[in-house]
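Asks: What follows is a structure written as structure tokens; I'll ask about it next.
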2 protein chains.
Amino acid sequence: MDNSHLFQFLASTTTNTNNTYYPFHVSQPPSHHDRALAAMKNHKEAEKRRRERINSHLDQLRTLLPCNSKTDKASLLAKVVQRVKELKQQTSEITELETVPSETDEITVLSTDGDYAGDGRLIFKASLCCEDRSDLIPDLIEILKSLHLKTLRAEMATLGGRTRNVLVVAADKEHSIESIHFLQNSLKSLLDRSNSTDRSKRRRALDRRLIP
Amino acid sequence: MDNSHLFQFLASTTTNTNNTYYPFHVSQPPSHHDRALAAMKNHKEAEKRRRERINSHLDQLRTLLPCNSKTDKASLLAKVVQRVKELKQQTSEITELETVPSETDEITVLSTDGDYAGDGRLIFKASLCCEDRSDLIPDLIEILKSLHLKTLRAEMATLGGRTRNVLVVAADKEHSIESIHFLQNSLKSLLDRSNSTDRSKRRRALDRRLIP
DNA sequence: CAATACACGTGAACC
DNA sequence: TGGTTCACGTGTATT
């Protein structure tokens, strides 16, 4: 088969940057027109790629959030903003508990607004700051167990022989109010017990090391 | 100046739905042209509002994420996707800790992939399951302090005299690998210490109550 | 038909 | 100058 005609055609459509080595009737120097056209094509395609890049990320977000694939961009982004805010606050709440013990004895039982567990339980935060003793934690656990409180999270720190324990606990919604009061009273008696007993025996190497 | 010709022309191009109440030379009923023009204007403005809505959400995301106001849309959305994934995993990891103690002694130190703290620290999870004793927690704290590990989260549960402690700790990125090994060894020795000492003395009312 | 949402190509601005 | 990003107006489909 003879492809010479096709050859000629292809050669004539090429834009040549250096036509020294080619007969003029084969290579056409790039006209302003051609260059503008090529630039336009590039521009067009680049813009398309950019759009696709953005949309692919939006699609990823669609899979990450509780929403179907047919929610419009604006609503999707609104959900994203909301979700990021939520997650940020959630993690900061969890990691930013203040556990550095103070010099004064303290008891706080705070009911957090909102049902974070999502399953009919009320969650609140209890903080106890007092002199450290080795039986404090087990006593605390005993109190929580007797009040049927589930410990979702516990954080503790000791410094200079003093300790602070921050607990995030969940109570059945029906008994949440009474549980809070019971817990407050129990912690109070726990604190009294700590102060009435001899502490020097319970001081340990760790605590002494931590004294500045 | 006489505009009668122009008037005539305009009037002739209008399609009038109801010109009974208006002298034809004063009020111009909406022409196809006019209506199309108004539609175009509406369309144009609506599209502009849509763009502004989307961009305002993007700006909100810019303030929420660690990035300046001059990052382009695609990169911004990429960061958002990454951040949402991180936060999702982080919260699920934190809330889904398994703390029910088992009958066999266990030590696990898992390095989570990724820097969840976002500030050059590596976070990993340590779990210790063994017989309960009152000094266990203080000993644990001592170990963490000596290894310069910051406890982001601690969870514990006792059942039938046995206890499980799950810790989420952060280490400086430079020493994270060594810290993991040191922590494993320290926990191992802690477990040996527990088993070699007399436990009956440490058993307490709480534990006995919990035995089925 | 009007309202809405999207993709597209283009002009402008910025390295 | 070319590569990249943005805003804009428009064509088109879905409701």
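Please note that chains go A, B, ... in the order of the structure tokens, that every chain numbers its residues from 1, and that ligands are numbered from 1 in the order shown.
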Identify every residue of chain A that has at least one atom within 10 Å of any atom of chain C, counting only C-alpha atoms (C1' of nucleotides), and report the result as an MDAnalysis selection string.

Replies: chainID A and resid 40 43:45 47:48 51 72:74

Asks: Kindly save the residues from that selection, with N, CA and C atoms included, as a compact mmCIF listing (two decimals), in the first residue's frame.

Replies:
```txt
# COMPACT_ATOMS: atom_id res chain seq x y z
N MET A 40 -4.27 28.52 23.38
CA MET A 40 -5.66 28.40 23.78
C MET A 40 -5.99 26.96 24.19
N HIS A 43 -4.39 26.15 27.50
CA HIS A 43 -5.14 26.83 28.54
C HIS A 43 -6.43 26.10 28.86
N LYS A 44 -7.13 25.76 27.80
CA LYS A 44 -8.40 25.07 27.94
C LYS A 44 -8.24 23.76 28.72
N GLU A 45 -7.24 23.00 28.30
CA GLU A 45 -7.02 21.69 28.93
C GLU A 45 -6.56 21.83 30.37
N GLU A 47 -7.24 24.22 32.42
CA GLU A 47 -8.39 24.60 33.22
C GLU A 47 -9.28 23.40 33.51
N LYS A 48 -9.43 22.55 32.51
CA LYS A 48 -10.24 21.35 32.72
C LYS A 48 -9.61 20.46 33.79
N ARG A 51 -10.29 21.88 37.20
CA ARG A 51 -11.65 21.58 37.64
C ARG A 51 -11.77 20.15 38.13
N ASP A 72 -25.32 19.11 46.53
CA ASP A 72 -24.62 20.12 45.75
C ASP A 72 -23.39 20.64 46.49
N LYS A 73 -22.52 21.27 45.75
CA LYS A 73 -21.21 21.67 46.28
C LYS A 73 -21.33 22.54 47.51
N ALA A 74 -22.17 23.56 47.45
CA ALA A 74 -22.26 24.50 48.56
C ALA A 74 -22.69 23.80 49.84
```

Asks: Can you list, as a PyMOL selection string, every residue of region 54-188 of chain A that DSSP puts in strand (DSSP E or B)?

Replies: chain A and resi 106-111+121-131+150-159+162-172

Asks: I'd like to know which of B:Arg164, B:Arg133, B:His57, B:His148 is closest to Ser176 (chain B), using only C-alpha atoms.

Replies: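 Ranked by minimum distance to Ser176 (chain B), first place goes to B:His148.
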
Asks: Counting only C-alpha atoms, which residues from chain B have an atom at most 8 Å from any atom of chain A, and could you show them as a ChimeraX atom specification?

Replies: /B:50,53-54,57-58,60-61,64,73-74,77-78,81,84-85,87-88,90-91,95,134-135,137-138,141-142,152-156,206

Asks: Can you write out the residues you just picked, keeping N, CA, C and O atoms, as a compact mmCIF listing (two decimals), in the first residue's frame?

Replies:
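selection.txt was written with the following content:
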```txt
# COMPACT_ATOMS: atom_id res chain seq x y z
N ARG B 50 -24.07 31.86 43.75
CA ARG B 50 -23.61 30.49 43.98
C ARG B 50 -22.11 30.45 44.19
O ARG B 50 -21.61 29.82 45.13
N ARG B 53 -21.24 31.79 47.54
CA ARG B 53 -21.58 30.86 48.61
C ARG B 53 -20.47 29.82 48.77
O ARG B 53 -19.96 29.58 49.86
N ILE B 54 -20.10 29.21 47.66
CA ILE B 54 -19.05 28.19 47.69
C ILE B 54 -17.75 28.77 48.23
O ILE B 54 -17.10 28.20 49.11
N HIS B 57 -17.56 29.36 51.99
CA HIS B 57 -17.29 28.12 52.74
C HIS B 57 -15.81 27.75 52.64
O HIS B 57 -15.21 27.30 53.62
N LEU B 58 -15.26 27.92 51.48
CA LEU B 58 -13.83 27.64 51.32
C LEU B 58 -13.00 28.55 52.22
O LEU B 58 -12.02 28.11 52.83
N GLN B 60 -13.97 29.83 55.04
CA GLN B 60 -14.13 29.31 56.40
C GLN B 60 -13.17 28.16 56.65
O GLN B 60 -12.53 28.08 57.71
N LEU B 61 -13.08 27.26 55.67
CA LEU B 61 -12.17 26.13 55.83
C LEU B 61 -10.73 26.62 55.93
O LEU B 61 -9.92 26.05 56.67
N LEU B 64 -10.05 27.43 59.38
CA LEU B 64 -10.09 26.27 60.28
C LEU B 64 -8.82 25.42 60.18
O LEU B 64 -8.45 24.74 61.14
N LYS B 73 -7.43 26.56 45.79
CA LYS B 73 -8.60 25.75 46.14
C LYS B 73 -8.27 24.26 46.21
O LYS B 73 -8.66 23.58 47.16
N ALA B 74 -7.59 23.75 45.20
CA ALA B 74 -7.33 22.32 45.13
C ALA B 74 -6.50 21.87 46.34
O ALA B 74 -6.85 20.90 47.02
N LEU B 77 -8.55 21.93 49.51
CA LEU B 77 -9.47 20.79 49.64
C LEU B 77 -8.71 19.52 49.94
O LEU B 77 -9.19 18.66 50.67
N ALA B 78 -7.52 19.38 49.39
CA ALA B 78 -6.69 18.20 49.70
C ALA B 78 -6.38 18.16 51.19
O ALA B 78 -6.51 17.12 51.83
N VAL B 81 -9.50 17.11 53.12
CA VAL B 81 -9.72 15.66 53.07
C VAL B 81 -8.82 14.97 54.08
O VAL B 81 -9.27 14.14 54.88
N VAL B 84 -9.91 15.69 57.75
CA VAL B 84 -11.13 14.99 58.15
C VAL B 84 -10.83 13.53 58.42
O VAL B 84 -11.29 12.96 59.42
N LYS B 85 -10.02 12.93 57.56
CA LYS B 85 -9.64 11.53 57.77
C LYS B 85 -8.93 11.38 59.11
O LYS B 85 -9.24 10.48 59.90
N LEU B 87 -8.96 13.31 61.81
CA LEU B 87 -9.81 13.55 62.97
C LEU B 87 -10.77 12.39 63.19
O LEU B 87 -11.02 11.99 64.33
N LYS B 88 -11.27 11.86 62.09
CA LYS B 88 -12.18 10.71 62.21
C LYS B 88 -11.50 9.56 62.91
O LYS B 88 -12.01 8.99 63.87
N GLN B 90 -8.81 9.59 64.69
CA GLN B 90 -8.38 9.94 66.03
C GLN B 90 -9.52 9.76 67.04
O GLN B 90 -9.34 9.14 68.08
N THR B 91 -10.68 10.31 66.72
CA THR B 91 -11.78 10.20 67.65
C THR B 91 -12.24 8.76 67.81
O THR B 91 -12.56 8.33 68.91
N THR B 95 -12.26 6.75 71.39
CA THR B 95 -13.50 6.29 72.03
C THR B 95 -13.67 4.78 71.98
O THR B 95 -14.48 4.25 72.71
N SER B 134 -2.58 -1.99 94.21
CA SER B 134 -2.86 -0.58 94.46
C SER B 134 -1.75 0.33 93.94
O SER B 134 -2.00 1.49 93.62
N ASP B 135 -0.53 -0.20 93.86
CA ASP B 135 0.57 0.66 93.42
C ASP B 135 0.78 0.64 91.92
O ASP B 135 1.72 1.27 91.42
N ILE B 137 -0.91 1.90 89.32
CA ILE B 137 -1.06 3.17 88.64
C ILE B 137 0.09 4.12 88.92
O ILE B 137 0.68 4.67 87.98
N PRO B 138 0.45 4.34 90.18
CA PRO B 138 1.61 5.20 90.44
C PRO B 138 2.87 4.69 89.75
O PRO B 138 3.65 5.50 89.20
N ILE B 141 2.69 5.63 86.16
CA ILE B 141 2.94 7.06 85.97
C ILE B 141 4.43 7.35 86.04
O ILE B 141 4.98 8.12 85.24
N GLU B 142 5.09 6.68 86.99
CA GLU B 142 6.53 6.88 87.13
C GLU B 142 7.27 6.50 85.86
O GLU B 142 8.16 7.22 85.39
N LEU B 152 -1.77 11.42 76.94
CA LEU B 152 -2.91 12.16 76.40
C LEU B 152 -4.20 11.60 76.96
O LEU B 152 -5.17 12.33 77.14
N ARG B 153 -4.19 10.32 77.25
CA ARG B 153 -5.42 9.68 77.66
C ARG B 153 -5.10 8.40 78.39
O ARG B 153 -4.18 7.68 78.03
N ALA B 154 -5.85 8.13 79.45
CA ALA B 154 -5.67 6.89 80.19
C ALA B 154 -7.04 6.31 80.51
O ALA B 154 -7.95 7.02 80.88
N GLU B 155 -7.16 5.01 80.32
CA GLU B 155 -8.42 4.36 80.62
C GLU B 155 -8.13 3.09 81.39
O GLU B 155 -7.17 2.37 81.07
N MET B 156 -8.96 2.79 82.38
CA MET B 156 -8.68 1.59 83.17
C MET B 156 -9.97 0.93 83.60
O MET B 156 -11.01 1.59 83.73
N LEU B 206 -13.35 -4.27 96.84
CA LEU B 206 -13.89 -4.04 95.51
C LEU B 206 -13.69 -5.26 94.62
O LEU B 206 -14.63 -5.73 93.97
```

Asks: Find the nearest atom pair between each residue of chain D and chain A for residues within 9 Å, count only C-alpha atoms (C1' of nucleotides), give distances in Å to one decimal, sort rows by chain and ascending number, and present the table as a Markdown table.

Replies:
```
| residue | atom | partner | partner_atom | distance |
| --- | --- | --- | --- | --- |
| D:DG2 | C1' | A:Ala39 | CA | 8.9 |
| D:DG3 | C1' | A:His43 | CA | 8.9 |
| D:DT4 | C1' | A:Ala46 | CA | 8.3 |
| D:DT5 | C1' | A:Arg50 | CA | 8.8 |
```

Asks: Hey, can you spit out that residue selection with N, CA and C atoms (P, O5', C5', C4', C3', O3' and C1' of nucleotides) as a PDB file, in the first residue's frame?

Replies:
```
ATOM      1  P    DG D   2       5.054  31.999  25.163  1.00  0.00           P
ATOM      2  O5'  DG D   2       5.019  30.648  26.020  1.00  0.00           O
ATOM      3  C5'  DG D   2       6.232  30.157  26.593  1.00  0.00           C
ATOM      4  C4'  DG D   2       5.921  29.551  27.938  1.00  0.00           C
ATOM      5  C3'  DG D   2       4.638  28.724  27.957  1.00  0.00           C
ATOM      6  O3'  DG D   2       4.858  27.613  28.799  1.00  0.00           O
ATOM      7  C1'  DG D   2       4.459  30.467  29.544  1.00  0.00           C
ATOM      8  P    DG D   3       3.883  26.416  28.807  1.00  0.00           P
ATOM      9  O5'  DG D   3       3.478  26.346  30.352  1.00  0.00           O
ATOM     10  C5'  DG D   3       4.521  26.363  31.322  1.00  0.00           C
ATOM     11  C4'  DG D   3       3.937  26.642  32.687  1.00  0.00           C
ATOM     12  C3'  DG D   3       2.635  25.886  32.965  1.00  0.00           C
ATOM     13  O3'  DG D   3       2.703  25.362  34.281  1.00  0.00           O
ATOM     14  C1'  DG D   3       2.310  28.211  33.296  1.00  0.00           C
ATOM     15  P    DT D   4       1.551  24.365  34.754  1.00  0.00           P
ATOM     16  O5'  DT D   4       0.688  25.267  35.751  1.00  0.00           O
ATOM     17  C5'  DT D   4       1.341  25.976  36.807  1.00  0.00           C
ATOM     18  C4'  DT D   4       0.360  26.893  37.483  1.00  0.00           C
ATOM     19  C3'  DT D   4      -1.028  26.292  37.687  1.00  0.00           C
ATOM     20  O3'  DT D   4      -1.368  26.334  39.049  1.00  0.00           O
ATOM     21  C1'  DT D   4      -1.166  28.482  36.799  1.00  0.00           C
ATOM     22  P    DT D   5      -2.654  25.614  39.599  1.00  0.00           P
ATOM     23  O5'  DT D   5      -3.564  26.845  40.026  1.00  0.00           O
ATOM     24  C5'  DT D   5      -3.045  27.854  40.882  1.00  0.00           C
ATOM     25  C4'  DT D   5      -3.962  29.053  40.876  1.00  0.00           C
ATOM     26  C3'  DT D   5      -5.445  28.679  41.076  1.00  0.00           C
ATOM     27  O3'  DT D   5      -5.945  29.258  42.262  1.00  0.00           O
ATOM     28  C1'  DT D   5      -5.165  30.195  39.247  1.00  0.00           C
TER      29       DT D   5
END
```

Asks: Between CA of Ser194 (chain A) and CA of Asn165 (chain B), what is the spacing in Å?

Replies: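 Result for CA of Asn165 (chain B) versus CA of Ser194 (chain A): 24.1 Å, one decimal.
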
Asks: Suppose you want the space between CA of Glu103 (chain B) and CA of Leu190 (chain B); what is it in Å?

Replies: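 Computing the Euclidean distance for CA of Glu103 (chain B) and CA of Leu190 (chain B) yields 17.2 Å.
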
Asks: What's around Glu131 (chain B) at 9 Å? Count only C-alpha atoms (C1' of nucleotides), leave out sequence neighbours fewer than 3 positions away in its own chain, and write the answer as a list in words.

Replies: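 Counting only C-alpha atoms (C1' of nucleotides), the residues come to Glu103, Asp105, Gly161, Arg162, Thr163, Arg164, Leu191, Ser194, Asn195 and Arg199 of chain B.
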
Asks: Residues at most 12 Å from Ile177 (chain B), counting only C-alpha atoms (C1' of nucleotides), excluding those fewer than 6 positions away in the same chain, as a compact mmCIF listing (two decimals) with N, CA and C atoms, in the first residue's frame?

Replies:
```txt
# COMPACT_ATOMS: atom_id res chain seq x y z
N VAL B 109 2.28 -2.51 72.78
CA VAL B 109 2.64 -1.12 72.51
C VAL B 109 2.54 -0.92 71.02
N LEU B 110 1.52 -0.21 70.60
CA LEU B 110 1.27 -0.05 69.18
C LEU B 110 1.58 1.37 68.74
N SER B 111 2.39 1.48 67.73
CA SER B 111 2.64 2.80 67.14
C SER B 111 1.61 3.07 66.08
N THR B 112 0.84 4.10 66.27
CA THR B 112 -0.14 4.46 65.25
C THR B 112 0.57 5.20 64.13
N ARG B 121 4.85 15.47 67.22
CA ARG B 121 4.91 14.38 68.19
C ARG B 121 4.27 13.13 67.61
N LEU B 122 4.83 11.98 67.99
CA LEU B 122 4.26 10.73 67.53
C LEU B 122 3.42 10.14 68.66
N ILE B 123 2.28 9.64 68.31
CA ILE B 123 1.35 9.12 69.33
C ILE B 123 1.26 7.61 69.20
N PHE B 124 1.34 6.92 70.32
CA PHE B 124 1.09 5.49 70.26
C PHE B 124 0.33 5.01 71.49
N LEU B 147 10.27 8.31 81.04
CA LEU B 147 10.51 8.20 79.59
C LEU B 147 10.08 9.47 78.86
N ALA B 170 2.14 10.40 73.98
CA ALA B 170 2.84 11.12 72.92
C ALA B 170 4.32 11.22 73.26
N ALA B 171 5.15 11.01 72.25
CA ALA B 171 6.60 11.09 72.44
C ALA B 171 7.18 12.06 71.42
N LEU B 183 9.50 1.62 76.75
CA LEU B 183 8.20 1.45 77.40
C LEU B 183 7.83 -0.03 77.47
N GLN B 184 8.07 -0.73 76.38
CA GLN B 184 7.78 -2.18 76.38
C GLN B 184 8.56 -2.88 77.49
```

Asks: So, with only C-alpha atoms (C1' of nucleotides) as the atoms that count, which of B:Arg193, B:Cys129, B:Glu174, B:Lys41 lies closest to DT10 (chain D)?

Replies: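 Looking only at the distances to DT10 (chain D), the closest residue turns out to be B:Lys41.
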
Asks: Could you tell me how far CA of Leu187 (chain B) sits from CA of Leu140 (chain B), in Å to one decimal place?

Replies: 7.9 Å
